[in-house]
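K.L.:
Structure supplied as data37.cif; contents: mmCIF, C-alpha atoms.
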```
data_run
#
loop_
_atom_site.label_atom_id
_atom_site.label_comp_id
_atom_site.auth_asym_id
_atom_site.auth_seq_id
_atom_site.Cartn_x
_atom_site.Cartn_y
_atom_site.Cartn_z
CA MET A 1 4.42 16.78 -37.50
CA MET A 2 1.25 17.76 -39.38
CA ILE A 3 0.82 17.20 -43.11
CA GLU A 4 -0.37 20.28 -45.02
CA GLN A 5 -2.45 20.20 -48.19
CA ASP A 6 -2.91 22.98 -50.76
CA ILE A 7 -6.52 23.64 -51.81
CA PHE A 8 -7.37 25.17 -55.18
CA LYS A 9 -10.62 26.71 -56.41
CA CYS A 10 -12.14 27.29 -59.79
CA SER A 11 -12.91 30.99 -60.21
CA ASN A 12 -15.60 30.15 -62.75
CA CYS A 13 -17.80 27.67 -60.82
CA GLY A 14 -16.33 27.72 -57.33
CA TYR A 15 -15.40 24.02 -57.33
CA GLU A 16 -12.62 23.21 -54.81
CA MET A 17 -9.94 20.58 -55.45
CA ASP A 18 -6.68 19.34 -53.93
CA GLU A 19 -4.67 19.51 -57.17
CA ASN A 20 -3.86 22.34 -59.55
CA TYR A 21 -5.51 21.04 -62.72
CA ILE A 22 -5.17 22.76 -66.11
CA GLY A 23 -8.93 22.74 -66.45
CA CYS A 24 -11.74 22.54 -63.91
CA PRO A 25 -13.03 18.96 -63.56
CA GLU A 26 -16.50 20.35 -62.81
CA CYS A 27 -17.20 23.09 -65.39
CA LYS A 28 -14.42 22.16 -67.86
CA ALA A 29 -13.18 25.75 -67.96
CA PHE A 30 -9.47 26.33 -68.60
CA GLY A 31 -7.14 28.73 -66.80
CA THR A 32 -9.60 29.32 -63.97
CA ILE A 33 -7.86 27.30 -61.20
CA LYS A 34 -6.44 29.53 -58.43
CA PHE A 35 -4.72 28.75 -55.12
CA LEU A 36 -7.23 29.06 -52.26
CA LYS A 37 -5.60 28.03 -48.99
CA ARG A 38 -3.32 25.54 -47.25
CA VAL A 39 -4.89 23.25 -44.63
CA LYS A 40 -3.59 20.67 -42.18
CA VAL A 41 -4.98 17.27 -43.05
CA GLY A 42 -3.43 15.13 -40.30
CA PRO A 43 -0.21 13.97 -38.66
CA CYS A 44 2.65 12.61 -40.71
CA GLN A 45 2.74 8.80 -40.65
CA CYS A 46 6.41 8.29 -41.46
CA ALA A 47 8.33 6.06 -39.03
CA ASP A 48 10.36 8.94 -37.60
CA CYS A 49 7.33 11.14 -36.91
CA VAL A 50 5.33 8.23 -35.46
CA ALA A 51 8.20 7.42 -33.09
CA LYS A 52 8.48 11.07 -32.02
CA ASP A 53 4.71 11.27 -31.45
CA LYS A 54 4.81 8.15 -29.26
CA GLN A 55 7.72 9.54 -27.25
CA ARG A 56 5.94 12.88 -26.84
CA ALA A 57 2.69 11.17 -25.80
CA LYS A 58 4.57 9.04 -23.25
CA HIS A 59 5.84 12.21 -21.57
CA PHE A 60 2.63 14.24 -21.76
CA ASN A 61 0.51 11.33 -20.50
CA HIS A 62 2.90 10.33 -17.72
CA PRO A 63 1.02 10.06 -14.38
CA PHE A 64 3.58 12.26 -12.61
CA TYR A 65 3.05 15.17 -15.02
CA GLN A 66 -0.71 14.68 -14.82
CA THR A 67 -0.50 14.92 -11.03
CA VAL A 68 1.61 18.08 -11.31
CA LYS A 69 -0.92 19.58 -13.71
CA GLU A 70 -3.81 18.78 -11.36
CA ASN A 71 -1.96 20.23 -8.36
CA VAL A 72 -1.03 23.40 -10.24
CA GLU A 73 -4.63 23.89 -11.33
CA LYS A 74 -5.89 23.23 -7.80
CA PHE A 75 -3.57 25.82 -6.26
CA ARG A 76 -4.21 28.28 -9.09
CA MET A 77 -7.93 28.13 -8.37
CA SER A 78 -7.20 28.40 -4.65
CA GLN A 79 -5.18 31.57 -5.22
CA ILE A 80 -7.94 33.07 -7.37
CA GLU A 81 -10.45 32.25 -4.61
CA LYS A 82 -8.19 33.86 -2.03
CA GLY A 83 -7.79 36.92 -4.23
CA ALA A 84 -11.56 37.17 -4.66
CA GLU A 85 -11.93 37.28 -0.87
CA THR A 86 -9.12 39.82 -0.42
CA TYR A 87 -9.36 42.22 -3.39
CA PRO A 88 -12.49 43.89 -4.83
CA GLU A 89 -11.37 43.43 -8.46
CA PRO A 90 -9.52 40.66 -10.35
CA PHE A 91 -5.79 41.15 -10.77
CA ASN A 92 -4.95 43.89 -13.25
CA PRO A 93 -1.28 44.89 -13.56
CA ASP A 94 -2.35 48.35 -14.71
CA SER A 95 -3.93 48.89 -11.28
CA TRP A 96 -0.58 48.36 -9.56
CA THR A 97 2.52 50.51 -9.59
CA GLU A 98 5.77 48.86 -10.54
CA GLU A 99 6.94 49.30 -6.93
CA GLN A 100 3.82 47.51 -5.65
CA LEU A 101 4.24 44.65 -8.12
CA TYR A 102 7.93 44.34 -7.21
CA GLU A 103 7.24 44.45 -3.46
CA HIS A 104 4.43 41.88 -3.66
CA SER A 105 6.55 39.61 -5.87
CA MET A 106 9.48 39.81 -3.42
CA GLN A 107 7.16 39.01 -0.51
CA GLU A 108 5.85 35.93 -2.32
CA LEU A 109 9.42 34.96 -3.23
CA ALA A 110 10.54 35.30 0.40
CA ASP A 111 7.68 33.03 1.48
CA ALA A 112 8.60 30.53 -1.21
CA GLN A 113 12.24 30.55 -0.07
CA ASN A 114 11.16 29.88 3.51
CA TYR A 115 8.87 27.07 2.41
CA ASN A 116 11.54 25.56 0.12
CA THR A 117 14.17 25.73 2.87
CA GLY A 118 11.78 24.10 5.33
CA MET A 119 10.89 21.44 2.79
CA LEU A 120 14.60 20.74 2.14
CA ASP A 121 15.28 20.48 5.88
CA ARG A 122 12.41 18.04 6.33
CA MET A 123 13.45 15.97 3.31
CA ILE A 124 17.02 15.71 4.65
CA LYS A 125 15.68 14.49 8.01
CA GLN A 126 13.43 11.98 6.26
CA ARG A 127 16.31 10.77 4.08
CA LYS A 128 18.50 10.25 7.16
CA GLU A 129 15.66 8.36 8.85
CA ILE A 130 15.24 6.21 5.73
CA GLU A 131 18.98 5.53 5.68
CA ARG A 132 18.83 4.57 9.37
CA LEU A 133 15.91 2.23 8.75
CA ASN A 134 17.66 0.73 5.72
CA LYS A 135 20.76 0.11 7.84
CA GLU A 136 18.60 -1.42 10.55
CA ASN A 137 16.91 -3.62 7.96
CA GLU A 138 20.30 -4.70 6.64
CA ASN A 139 21.38 -5.68 10.16
CA GLN A 140 18.15 -7.56 10.70
CA LEU A 141 18.54 -9.33 7.35
CA HIS A 142 22.10 -10.24 8.32
CA TYR A 143 20.84 -11.61 11.64
CA ILE A 144 18.02 -13.51 9.90
CA ASN A 145 20.43 -14.99 7.35
CA SER A 146 22.82 -15.97 10.15
CA ALA A 147 19.92 -17.52 12.09
CA ARG A 148 18.85 -19.40 8.97
CA LYS A 149 22.37 -20.81 8.59
CA ASP A 150 22.44 -21.82 12.27
CA TYR A 151 19.00 -23.40 11.88
CA SER A 152 20.15 -25.26 8.79
CA LYS A 153 23.22 -26.52 10.67
CA ALA A 154 21.03 -27.53 13.62
CA ILE A 155 18.65 -29.41 11.31
CA THR A 156 21.62 -31.17 9.72
CA THR A 157 22.99 -32.08 13.17
CA ILE A 158 19.57 -33.34 14.27
CA ASP A 159 19.29 -35.46 11.12
CA GLU A 160 22.75 -36.87 11.76
CA LEU A 161 21.92 -37.60 15.41
CA GLN A 162 18.63 -39.22 14.43
CA ALA A 163 20.50 -41.38 11.94
CA LYS A 164 22.96 -42.39 14.67
CA VAL A 165 20.09 -43.15 17.06
CA ARG A 166 18.44 -45.34 14.45
CA ALA A 167 21.76 -47.12 13.88
CA LEU A 168 22.18 -47.66 17.64
CA GLU A 169 18.60 -48.90 17.95
CA ALA A 170 19.26 -51.34 15.13
CA LYS A 171 22.46 -52.48 16.86
CA VAL A 172 20.64 -52.86 20.19
CA CYS A 173 17.96 -54.89 18.44
CA THR A 174 20.65 -57.08 16.92
CA LEU A 175 22.34 -57.54 20.29
CA GLU A 176 19.01 -58.40 21.90
CA ASN A 177 18.41 -60.98 19.21
CA GLU A 178 21.90 -62.38 19.78
CA GLU A 179 21.30 -62.44 23.55
CA ASP A 180 18.06 -64.36 23.04
CA TYR A 181 19.91 -66.77 20.79
CA LEU A 182 22.71 -67.26 23.33
CA GLN A 183 20.16 -67.71 26.13
CA GLN A 184 18.46 -70.40 24.08
CA ILE A 185 21.83 -72.09 23.56
CA ARG A 186 22.53 -71.99 27.32
CA VAL A 187 19.11 -73.49 28.02
CA ASN A 188 19.72 -76.27 25.50
CA GLN A 189 23.19 -76.92 26.91
CA GLY A 190 21.76 -77.05 30.44
CA LYS A 191 19.23 -79.63 29.31
CA LYS A 192 21.97 -81.70 27.69
CA ILE A 193 24.10 -81.50 30.85
CA ILE A 194 21.17 -82.71 32.95
CA GLU A 195 20.53 -85.51 30.50
CA MET A 196 24.22 -86.51 30.58
CA ARG A 197 24.27 -86.54 34.41
CA GLU A 198 21.17 -88.69 34.50
CA ARG A 199 22.78 -91.05 32.00
CA ILE A 200 25.96 -91.22 34.08
CA ASN A 201 23.95 -92.01 37.19
CA GLU A 202 22.16 -94.75 35.33
CA LEU A 203 25.44 -96.20 34.13
CA GLU A 204 26.97 -96.05 37.63
CA GLY A 205 23.98 -97.98 39.02
CA ILE A 206 24.47 -100.93 36.70
CA GLU A 207 26.40 -103.81 38.27
CA LEU A 208 29.11 -105.37 36.12
#
```
Represent the structure from my file as structure tokens, please.

P.N.:
Amino acid sequence: MMIEQDIFKCSNCGYEMDENYIGCPECKAFGTIKFLKRVKVGPCQCADCVAKDKQRAKHFNHPFYQTVKENVEKFRMSQIEKGAETYPEPFNPDSWTEEQLYEHSMQELADAQNYNTGMLDRMIKQRKEIERLNKENENQLHYINSARKDYSKAITTIDELQAKVRALEAKVCTLENEEDYLQQIRVNQGKKIIEMRERINELEGIEL
């Protein structure tokens, strides 16, 4: 919303002012101030107007609308160029009869209906293809998630098996140590048996 300002002018000296004074601040004359005009001095800065201006600017400056504007201008110029190549004079409705204008408009409308129907048909096909691809992606994601779960289970099983292997290796090591210990005991016992036999033989050889 624009703010408007009244401008007044002294009829005696021509001095312009933005207030209706009793006397002219310039020439000091009285009763000579007359309304001159109303001008726009700028947008309103109240909170409501500022918010509306921001909302309006957001829409007008939106990239989509800018693209539409550029496309419309491009095709407008293209149509003018085509008309320049087809017709000797620029379009003038006074040069056409109402029947000619109606017929040409209906021809353009029929073309537009064909194009719009074709565009709708193609968009429906593309939407179905997108839906098919989305469904395929969902199935693939489901398969990937299932594979991830199986992989996680396999990793857990491998970790458990590795833990069991380490436990068995530790047990084997313990058994090997025990076997070495027992073997050492057997060797020591064998030595003692030999020593005892030798002692017995010595004792048997002594005459009483």

K.L.:
Restrict the calculation to only C-alpha atoms, then for each residue of segment 49-86 of chain A with any atom at most 12 Å from an atom of segment 2-6 of chain A give the closest atom pair and their distance in Å to one decimal, rows by chain and rising residue number, as a Markdown table.

P.N.:
```
| residue | atom | partner | partner_atom | distance |
| --- | --- | --- | --- | --- |
| A:Cys49 | CA | A:Met2 | CA | 9.3 |
| A:Val50 | CA | A:Met2 | CA | 11.1 |
| A:Asp53 | CA | A:Met2 | CA | 10.8 |
```

K.L.:
Just to confirm, what's the straight-line distance from atom CA of Lys28 of chain A to atom CA of Cys10 of chain A in Å (one decimal)?

P.N.:
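Atom CA of Cys10 of chain A lies at a distance of 9.8 Å from atom CA of Lys28 of chain A.
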
K.L.:
What is the distance between atom CA of Thr86 of chain A and atom CA of Thr67 of chain A, in Å to one decimal?

P.N.:
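Here the two named atoms are 28.4 Å from each other.
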
K.L.:
Skipping near chain neighbours, those fewer than 5 positions away, what residues fall within 9 Å of Phe8 of chain A using all atoms listed in the file, listed as a list in words?

P.N.:
Tyr15, Glu16, Met17, Asp18, Glu19, Asn20, Tyr21, Ile33, Lys34, Phe35, Leu36, Lys37 and Arg38 of chain A

K.L.:
What does the distance between atom CA of Cys13 of chain A and atom CA of Pro25 of chain A come to in Å, to one decimal place?

P.N.:
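Straight-line distance from atom CA of Cys13 of chain A to atom CA of Pro25 of chain A works out to 10.3 Å.
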
K.L.:
Using all atoms listed in the file, find the one residue out of A:Leu101, A:Glu85, A:Lys164, A:Val39 that sits nearest to Ile7 of chain A.

P.N.:
A:Val39
